[in-house]
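S.K.: The following block contains the structure, expressed as structure tokens.
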Amino acid sequence: MGAVKMTETNLESVYPRPQFARRDWLNLNGTWEFQYDDMDEGTRGGWHTGHTFERRIRVPYCYQSELSGIGEKEFHDLVWYRKTFELPEAYAGKRLLLHFGAVDYEAWVWANGHLVAYHEGGHTPFTADITNAVTGRDVEIVVKAKDYSKDVTLPRGKQYWKEQSEMVFYTRTTGIWQTVWLEAVSESYLERVMMTPDIDRNEINIRAFAAGWKPGLKLQASIAFEGEFVSEDLFALGGEEETRTIKLHDFNDHGLGRWWTPEKPNLYDITFRLLDGDTLIDEVQSYFGMRKISVEDGKVCLNNRPYYMKLVLDQGYFPGGVLTAGSDEELRRDVELTKAMGFNGARKHQKVEDPRYLYWCDKLGLLVWGEMANAYQFSETYVRRMTREWQEVVTRDYNHPCIVVWLPINESWGVPNMLIDKRQQEHTLAMYHLTKSLDSTRLVLSNDGWEHTKSDIATIHDYEWRREVLESRYETAQSAVSSIAQNRWIYVPGYPYNGEPVQVSEFGGISFRKGGAAGWGYSAAADEEDFLRRILDVVQPIQNSKAVQGYCYTQLTDVEQEINGLLTFDRKPKLPLDVIRAVNEGKSPVLAEFSDMENEKAIKF
């Protein structure tokens with residue numbers, strides 16, 4: 001495929017980490033030098049400094065994407081990047097932090113010829129302190145990225161191990177695919193914070209981590225709601241980590257009217273100021289939502305009230321950008337389209353999504369099941385890779401109120417012999433308990449869809465399309481978990497069902513071609529009316545079941561050759577958005593009622 005014209009996007013202007021934002025930062029997206037290194041010549045040849053690369057690429061898009069300016073799908077597992085720039089004068093004398101949102105899969109980073117970082121894991125961020133490598137204002141950054149395109153023990157999600165995508169497997173991502181940026185900070189600075197809401201006590205617990213700690217450091221936390229002062233606290237940092245609980249002085253039913261829900265996504269603003277004595281040395285803007293997810297008496301509850309989840313499966317692939325959205329507006333649009341169709345949540349499938357997407361879910365109100373990109377085969381190397389990267393995922397996204405469920409493993413991916421291999425069973429148990437040890441505030445699944453060992457929800461994947469079969473299968477909770485949907489046991493023998501809430505976390509999958517080439521799906525609709533009838537045939541039995549407490553419909557959009565989306569790949573509705581909303585509201589819409597609507601104009605942005 002020939003080179004594609006590079007396109008400016010606003011990913012070069014929006015702050016990439018909105019829950020931990022500093023005012024002064026330097027975005028390093030845009031044009032970088034680029035080179036394939038199929039013969040692994042770069043390390044021996046000293047490409048890490050002073051070497052000019054022949055090609056150009058637009059960061060943060062992978063070379064497989066059109067938006068990168070390259071758009072080539074062949075295997076090139078070793079690639080190099082180079083960028084030179086001049087530091088702003090205001091950065092002189094400060095510590096320089098170089099941030100990478102995500103690089104798939106391994107990354108080595110040099111600054112002015114000095115190795116400053118190594119990171120393994122294709123979906124999580126890392127930071128390099130380049131201070132000691134920079135003596136003036138001129139900076140050269142070189143990145144070597146190594147992928148393993150054919151390694152099926154690699155946590156890779158839907159990235160295919162063949163050059164051309166097929167069925168449910170899509171185009172790969174190699175190298176940088178999220179924003180790169182630079183910040184200048186003081187010798188002591190706020191490294192991160194973890195915020196845990198407690199709606200029962202109307203408190204927010206804060207764990208603050210300070211890099212370059214020294215005696216005399218203090219942290220001020222100022223909290224406001226819609227510009228109204230709520231609370232403030234100033235406390236000494238006794239070490240690199242300090243914990244503080246702050247009471248929210250709300251005078252509105254103890255904050256009850258300010259809890260976060262998809263229907264009312266209330267957010268508190270919080271400003272952190274790090275002080276050395278009386279001198280301000282760092283300031284970070286953030287936010288949090290007061291919300292609680294729990295299981296009470298066998299019911300999934302949001303803020304202590306039973307809550308029915310209506311989710312849509314979202315693969316997070318984008319036209320032209322593969323795993324990277326073409327703009328921040330595209331991320332926001334996916335959230336708005338999801339809500340416009342009457343869903344109150346999304347399951348980000350086999351992908352750790354960009355923090356900007358989670359920001360829009362926080363701000364606009366959309367529940368999210370946070371999922372890991374899985375491997376396909378089990379090995380000791382897989383366990384090491386998976387365990388370490390999943391911990392980084394939970395740490396990165398801990399503060400987002402939208403995330404209510406953690407889902408490290410899906411459909412026994414990476415553990416294909418769950419029924420007979422005790423090691424693989426123990427691995428899913430370990431992932432459940434590891435996640436709980438990192439985050440006790442959210443629900444966790446050991447293995448979504450089938451072959452559960454220990455999970456907070458009994459989730460079932462079921463692409464049955466006959467209404468009468470679904471009605472019978474989900475008549476009771478016991479009949480649901482005793483079924484062998486998709487020819488799989490819901491629980492591994494020896495791990496009993498203990499009354500967990502039942503949710504059908506994948507179903508539907510009805511393919512319908514709406515302009516464009518034919519593709520693949522679980523069942524095929526002939527036209528709009530047939531598409532709607534088939535949707536009603538699978539959704540209504542789930543909604544009418546007294547045993548099922550929520551569902552996740554497959555899926556939001558078509559993805560490349562997979563055409564079972566409610567929207568096309570370029571986000572055009574296959575049915576009017578109001579029709580899908582009516583279905584989610586438990587109604588039986590008739591297409592004739594909506595015949596005067598243009599699908600593309602069903603929602604305005």
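Each chain in the structure tokens gets a letter, A, B, ..., in the order shown, and its residues are numbered from 1; ligands are numbered from 1 in order too.
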Looking only at the backbone, which of the residues in region 390-583 of chain A does DSSP tag as strand (DSSP E or B), as number ranges by chain?

M.R.: A: 403-407, 410, 443-444, 448, 452, 458-461, 491, 502-508, 510-511, 520, 523-524, 548-554, 557, 559, 562, 567, 573

S.K.: Could you dump the residues just selected with C-alpha atoms as an mmCIF file, in the first residue's frame?

M.R.:
data_model
loop_
_atom_site.group_PDB
_atom_site.id
_atom_site.type_symbol
_atom_site.label_atom_id
_atom_site.label_comp_id
_atom_site.auth_asym_id
_atom_site.auth_seq_id
_atom_site.Cartn_x
_atom_site.Cartn_y
_atom_site.Cartn_z
ATOM 1 C CA ILE A 403 -15.087 1.722 35.711
ATOM 2 C CA VAL A 404 -17.215 -0.629 37.797
ATOM 3 C CA VAL A 405 -15.968 -4.106 36.793
ATOM 4 C CA TRP A 406 -12.479 -5.488 36.200
ATOM 5 C CA LEU A 407 -12.244 -8.248 33.618
ATOM 6 C CA ASN A 410 -12.252 -13.344 28.578
ATOM 7 C CA LEU A 443 -16.459 -6.180 41.027
ATOM 8 C CA VAL A 444 -14.032 -8.671 39.468
ATOM 9 C CA ASP A 448 -15.847 -13.692 31.492
ATOM 10 C CA HIS A 452 -15.696 -19.357 35.901
ATOM 11 C CA ALA A 458 -22.011 -15.086 36.814
ATOM 12 C CA THR A 459 -21.490 -13.851 33.259
ATOM 13 C CA ILE A 460 -22.639 -15.864 30.254
ATOM 14 C CA HIS A 461 -21.841 -15.509 26.550
ATOM 15 C CA TYR A 491 -18.542 -22.853 35.917
ATOM 16 C CA VAL A 502 -26.433 -13.432 36.463
ATOM 17 C CA GLN A 503 -25.663 -11.252 33.455
ATOM 18 C CA VAL A 504 -25.510 -12.155 29.762
ATOM 19 C CA SER A 505 -22.278 -10.331 28.948
ATOM 20 C CA GLU A 506 -22.172 -11.201 25.228
ATOM 21 C CA PHE A 507 -25.099 -11.945 22.930
ATOM 22 C CA GLY A 508 -26.582 -10.737 19.663
ATOM 23 C CA ILE A 510 -26.328 -10.118 14.210
ATOM 24 C CA SER A 511 -24.585 -9.254 10.966
ATOM 25 C CA TRP A 520 -18.932 -11.856 8.873
ATOM 26 C CA SER A 523 -26.342 -14.578 12.230
ATOM 27 C CA ALA A 524 -27.325 -12.587 9.152
ATOM 28 C CA VAL A 548 -30.907 -11.864 34.507
ATOM 29 C CA GLN A 549 -29.687 -8.550 35.934
ATOM 30 C CA GLY A 550 -28.003 -7.075 32.903
ATOM 31 C CA TYR A 551 -26.670 -7.653 29.420
ATOM 32 C CA CYS A 552 -24.010 -6.650 26.922
ATOM 33 C CA TYR A 553 -25.058 -6.596 23.264
ATOM 34 C CA THR A 554 -22.528 -7.451 20.552
ATOM 35 C CA THR A 557 -19.737 -0.928 15.450
ATOM 36 C CA VAL A 559 -14.877 -3.644 12.731
ATOM 37 C CA GLU A 562 -16.824 -8.101 11.083
ATOM 38 C CA LEU A 567 -23.254 1.126 13.579
ATOM 39 C CA PRO A 573 -26.407 3.898 12.297
#

S.K.: Residues near region 379-388 of chain A, anyone? I mean within 10 Å using only C-alpha atoms, not counting same-chain ones fewer than 3 positions away, as a CSV table (one decimal) with C-alpha atoms, in the first residue's frame.

M.R.:
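Saved the output as part02.csv:
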chain,number,residue,atom,x,y,z
A,120,GLU,CA,7.5,-4.2,28.4
A,121,GLY,CA,3.7,-4.2,27.8
A,152,VAL,CA,0.1,-16.2,20.6
A,153,THR,CA,1.3,-16.1,24.3
A,154,LEU,CA,1.6,-12.3,24.1
A,155,PRO,CA,-1.2,-10.2,25.6
A,372,MET,CA,-7.3,-6.7,29.5
A,373,ALA,CA,-6.0,-7.5,26.0
A,374,ASN,CA,-5.6,-11.3,26.3
A,375,ALA,CA,-3.2,-13.8,24.9
A,376,TYR,CA,-4.4,-17.1,23.3
A,391,GLN,CA,-1.3,-4.5,37.6
A,392,GLU,CA,-0.3,-1.4,35.6
A,393,VAL,CA,-3.7,-1.3,34.0
A,408,PRO,CA,-8.7,-9.6,33.3
A,409,ILE,CA,-9.6,-12.7,31.2
A,414,GLY,CA,-4.7,-17.6,27.4
A,415,VAL,CA,-6.1,-20.4,29.5
A,423,ARG,CA,-2.5,-24.5,36.6
A,424,GLN,CA,-4.8,-22.6,34.4
A,427,HIS,CA,-4.1,-18.7,37.3
A,430,ALA,CA,-4.8,-15.7,41.1
A,431,MET,CA,-5.9,-12.9,38.7
A,434,LEU,CA,-4.7,-10.2,42.7
A,435,THR,CA,-7.2,-7.7,41.3

S.K.: Between A:Glu140, A:Val539, A:Glu529, A:Pro306, which one has atoms that come closest to Val590 (chain A), using only C-alpha atoms?

M.R.: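 Of A:Glu140, A:Val539, A:Glu529, A:Pro306, the one nearest Val590 (chain A) is A:Glu529, counting only C-alpha atoms.
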
S.K.: With region 26-31 of chain A as the partner and 6 Å as the cut-off, tabulate the residues of region 154-193 of chain A that qualify, each row holding the nearest pair of atoms and their distance in Å to one decimal, using only C-alpha atoms, sorted by chain and rising number, as a Markdown table.

M.R.:
| residue | atom | partner | partner_atom | distance |
| --- | --- | --- | --- | --- |
| A:Val180 | CA | A:Leu28 | CA | 5.3 |
| A:Trp181 | CA | A:Asn27 | CA | 4.4 |
| A:Leu182 | CA | A:Leu26 | CA | 5.0 |

S.K.: Using the selection just defined, write its residues with C-alpha atoms as a CSV table (one decimal), in the first residue's frame.

M.R.:
chain,number,residue,atom,x,y,z
A,180,VAL,CA,4.0,11.1,23.8
A,181,TRP,CA,4.6,14.3,25.8
A,182,LEU,CA,7.0,16.1,28.1

S.K.: Between CA of Tyr357 (chain A) and CA of Val103 (chain A), what is the distance in Å, rounded to a tenth?

M.R.: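 Interatomic distance here is 17.7 Å.
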
S.K.: Which residue gives the smallest distance to Val312 (chain A) among A:Asp334, A:Glu166, A:Asp527, A:Glu329, with only C-alpha atoms counted?

M.R.: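 Closest residue, counting only C-alpha atoms: A:Asp334.
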
S.K.: Between CA of Gly113 (chain A) and CA of Thr131 (chain A), what distance in Å does the model show, to one decimal?

M.R.: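 It comes out at 12.8 Å.
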
S.K.: DSSP on the backbone, helix (DSSP H, G or I) only: what residues of region 312-514 of chain A does that give? Format it as a PyMOL selection string.

M.R.: chain A and resi 328-340+355-364+380-397+422-438+467-473+477-482+485-487

S.K.: Identify which of the residues A:Pro541, A:Gly509, A:Pro401, A:Gly50 lies closest to Ser472 (chain A), counting only C-alpha atoms when measuring atom-to-atom distances.

M.R.: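 So, comparing all the options, the nearest one is A:Pro541.
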
S.K.: Name the closest residue to Tyr317 (chain A) among the candidates A:His114, A:Arg571, A:His123, A:Lys436; distances are taken between atoms, counting only C-alpha atoms.

M.R.: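 Counting only C-alpha atoms, the residue closest to Tyr317 (chain A) is A:Arg571.
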
S.K.: Fewer than 4 positions away in the same chain doesn't count, so skip those; otherwise give me all residues within 12 Å of Met39 (chain A), counting only C-alpha atoms, as a ChimeraX atom specification.

M.R.: /A:35,43-45,76-79

S.K.: Go through A:Arg258, A:Arg192, A:Arg473, A:His349 one by one, measure the shortest atom-to-atom distance of each to Val168 (chain A) using only C-alpha atoms, and give the residue with the smallest value.

M.R.: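 Using only C-alpha atoms, Val168 (chain A) sits closest to A:His349.
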
S.K.: Can you pull out the residues contacting Thr271 (chain A)? Cut-off 8 Å, using only C-alpha atoms, and skip same-chain residues under 6 positions away; I want them as a compact mmCIF listing (two decimals) with C-alpha atoms, in the first residue's frame.

M.R.:
# COMPACT_ATOMS: atom_id res chain seq x y z
CA GLN A 220 -2.94 20.76 49.90
CA ALA A 221 -6.09 19.23 48.44
CA SER A 222 -8.89 21.63 47.47
CA ILE A 223 -12.26 20.17 46.44
CA GLU A 283 0.16 21.70 41.01
CA VAL A 284 -2.06 19.02 39.49
CA GLN A 285 -5.72 19.21 38.45
CA SER A 286 -7.93 16.14 38.84

S.K.: Set the distance at 10 Å and use only C-alpha atoms: which residues neighbour Arg333 (chain A) once local chain neighbours fewer than 3 positions away are removed? I'd like the list as a list in words.

M.R.: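 The residues that qualify are Ser327, Asp328, Glu329, Glu330, Glu336, Leu337, Thr338, Lys339, Tyr357, Trp360, Arg571 and Phe605 of chain A.
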
S.K.: Would you mind listing what lies within 7 Å of Ile176 (chain A) as a ChimeraX atom specification, with only C-alpha atoms counted and same-chain residues fewer than 6 positions away left out?

M.R.: /A:59-62,102-104

S.K.: Can you work out which one of A:Asp537, A:Lys574, A:Asp198, A:Asn584 has the shortest atom-to-atom distance to Asn344 (chain A), counting only C-alpha atoms?

M.R.: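 Nearest to Asn344 (chain A): A:Asn584.
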